[in-house]
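Comments concern the structure below.
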Amino acid sequence: MLGHVTACEAAKYEKKVMVLDFVTPTPQGSSWGLGGTCVNVGCIPKKLMHQAALLGQALQDSRKFGWQFTEEVKHNWMTMTESVQNYIGSLNWGYRVALRDNKVTYENAYGEFVGPHTIKATNKKGIEKLYTAERFIIATGERPRYLGIPGDKEYCLSSDDLFSLPYCPGKTLVVGASYVALECAGFLAGLGLDVTVMVRSILLRGFDQDMANRIGEYMKEHGVNFIREFVPIKVEQVEEGTPGILKVTAKSTAGDQMIEGEYNTVLLAIGRDPCTRKIGLDKVGVNINEKTGKIPVNDEEQTNVSYIYAVGDILQDKLELTPVAIQAGRLLVRRLYAGATTKCDYVNVPTTVFTPLEYGACGYSEETAVEKFGEENIEVYHSHFWPLEWTVPSRDNNKCYAKIICNIQDNERVIGFHVLGPNAGEVTQGFAAAIKCGLTKEQLDNTVGIHPVCAEVCIQSHLKAHGILG
């Protein structure tokens with residue numbers, strides 16, 4: 001999606017633009033169409049399958065609201081995946097049409113630098129073409145990381161495979177504690193599957209840990225099993241099938257203990273690696289972080305090679321979020337061709353983790369705020385809340401939670417916003433605009449609330465100060 005949007009933006013300024021897009025199949029053979037990770041194997045299918053799980057909960061709640069049905073309610077995995085993939089297919093086609101309408105040349109080919117201002121494009125048939133350009137924007141994204149243990153690529157799936165899986169995954173082991181891991185574990189459990197998450201250390205590294213731990217507790221209470229401080233060391237096939245049976249051997253990270261377990265599916269979600277090591281960057285002198293593969297850029301997304309720029313998940317020390325990448329790409333093009341000066345803000349960025357209890361955030365985590373501004377300069381306001389819609393079925397009281405972090409030395413400006421609850425993304429998006437404009441706690445207190453909605457917990461007298469990390 002990022003490459004498509006950036007290309008169409010450049011075409012507005014009557015530039016001759018080409019997009020190279022190529023998907024290397026996963027070890028399980030999965031591939032997809034135009035649009036990148038978000039559209040095909042990320043945000044879109046993830047949110048739709050999350051919605052499928054929420055509908056299951058809504059069906060349970062509906063009885064208390066008077067809905068009566070005698071037949072047993074079952075979920076059909078194939079119906080869901082077919083519907084999701086049909087929608088994604090329509091998006092793929094739409095992007096092709098948009099490129100054509102904007103007179104952007106599109107090649108379904110793998111791009112690799114071969115010399116200054118020159119790139120080689122290789123299509124699926126192995127046919128090679130050379131192209132030259134005044135400027136290049138690298139937006140190659142990332143792909144899931146594997147463990148490097150016996151059986152991982154042979155038998156395990158990644159999120160690149162899950163959303164088009166042609167059979168129900170059954171009893172599933174999710175390896176990892178990233179947002180991808182917890183989101184997938186959450187909707188699989190919500191669809192009625194037996195799900196276990198194997199965690200090496202902490203949940204949601206890089207996010208507010210208070211909120212991360214609350215998510216973990218909620219998922220545990222709602223049937224997701226957690227195996228803490230273990231990592232797989234071997235995956236073996238016990239029985240073939242769709243799904244079959246896999247045996248996982250894991251070792252403790254805190255000692256010598258070994259455990260074994262059998263699952264129908266093992267989903268790896270331990271992180272993602274940038275697609276930068278095999279695109280010829282060394283041939284044009286672009287620096288990359290040798291350990292991570294990330295590309296360092298200046299504040300205008302420019303690499304150390306003046307005519308090569310980079311945006312998106314492949315950037316060093318930047319957020320890995322599609323909307324951020326799209327914004328950065330658009331602003332870059334406008335600086336290059338329209339005389340604009342606005343640069344991408346990588347701090348006041350809203351995001352949502354679509355776990356069963358959704359988590360919306362904008363700005364600093366509590367830990368980062370303390371580290372950056374000092375504990376004595378931070379005030380944290382918080383509150384639990386119970387969504388009205390959950391009161392009639394009488395479930396999950398005292399689980400939803402909001403937290404506002406303010407900088408005392410800057411007129412109590414809001415520097416961190418965190419909320420756990422239904423529709424957290426919708427709630428966070430509006431507050432993000434206010435935070436971008438310099439929202440203070442006083443302004444928040446003086447805002448009239450809408451009653452009864454979840455977002456009103458974030459204003460007026462609902463939030464109480466609790467001190468730091470309390």
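By convention here, the chains of the structure tokens are called A, B, ... in the order presented, each chain's residues are numbered starting at 1, and ligands are numbered starting at 1 in the order presented.
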Could you give me, as JSON lines, every region 288-383 of chain A residue with an atom at most 12 Å from region 140-149 of chain A, plus its closest atom pair and distance in Å to one decimal, counting only C-alpha atoms, rows ordered by chain then number?
{"residue": "A:Thr292", "atom": "CA", "partner": "A:Glu142", "partner_atom": "CA", "distance": 11.3}
{"residue": "A:Gly293", "atom": "CA", "partner": "A:Glu142", "partner_atom": "CA", "distance": 10.0}
{"residue": "A:Lys294", "atom": "CA", "partner": "A:Glu142", "partner_atom": "CA", "distance": 9.9}
{"residue": "A:Ile295", "atom": "CA", "partner": "A:Thr140", "partner_atom": "CA", "distance": 11.2}
{"residue": "A:Tyr309", "atom": "CA", "partner": "A:Thr140", "partner_atom": "CA", "distance": 11.7}
{"residue": "A:Ala310", "atom": "CA", "partner": "A:Thr140", "partner_atom": "CA", "distance": 8.8}
{"residue": "A:Val311", "atom": "CA", "partner": "A:Thr140", "partner_atom": "CA", "distance": 8.6}
{"residue": "A:Gly312", "atom": "CA", "partner": "A:Gly141", "partner_atom": "CA", "distance": 6.5}
{"residue": "A:Asp313", "atom": "CA", "partner": "A:Gly141", "partner_atom": "CA", "distance": 5.4}
{"residue": "A:Ile314", "atom": "CA", "partner": "A:Gly141", "partner_atom": "CA", "distance": 5.7}
{"residue": "A:Leu315", "atom": "CA", "partner": "A:Gly141", "partner_atom": "CA", "distance": 9.2}
{"residue": "A:Glu320", "atom": "CA", "partner": "A:Gly141", "partner_atom": "CA", "distance": 9.1}
{"residue": "A:Leu321", "atom": "CA", "partner": "A:Gly141", "partner_atom": "CA", "distance": 10.4}
{"residue": "A:Thr322", "atom": "CA", "partner": "A:Gly141", "partner_atom": "CA", "distance": 9.8}
{"residue": "A:Ala325", "atom": "CA", "partner": "A:Gly141", "partner_atom": "CA", "distance": 9.8}
As JSON, numbers by chain, please: every residue in region 31-265 of chain A that DSSP puts in helix (DSSP H, G or I).
{"A": [36, 37, 38, 39, 40, 41, 43, 44, 45, 46, 47, 48, 49, 50, 51, 52, 53, 54, 55, 56, 57, 58, 59, 60, 61, 62, 63, 64, 65, 77, 78, 79, 80, 81, 82, 83, 84, 85, 86, 87, 88, 89, 90, 91, 92, 93, 94, 95, 96, 97, 98, 99, 100, 101, 152, 153, 154, 155, 159, 160, 161, 162, 179, 180, 181, 182, 183, 184, 185, 186, 187, 188, 189, 190, 209, 210, 211, 212, 213, 214, 215, 216, 217, 218, 219, 220, 221]}
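A straight line drawn from CA of Ala465 (chain A) to CA of Ala402 (chain A) is 11.7 Å long.
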A straight line from CA of Ile215 (chain A) to CA of Ala250 (chain A) spans 24.2 Å
Which neighbours of region 56-72 of chain A fall inside 8 Å, counting only C-alpha atoms, when residues of the same chain fewer than 6 positions from it are skipped, and could you give them as number ranges by chain?
A: 190-191, 392-393
Would you save the residues of that selection, restricted to C-alpha atoms, as a compact mmCIF listing (two decimals), in the first residue's frame?
# COMPACT_ATOMS: atom_id res chain seq x y z
CA GLY A 190 -12.61 -15.91 20.11
CA LEU A 191 -13.54 -18.26 17.26
CA VAL A 392 -26.70 -6.20 30.88
CA PRO A 393 -24.79 -9.44 30.15
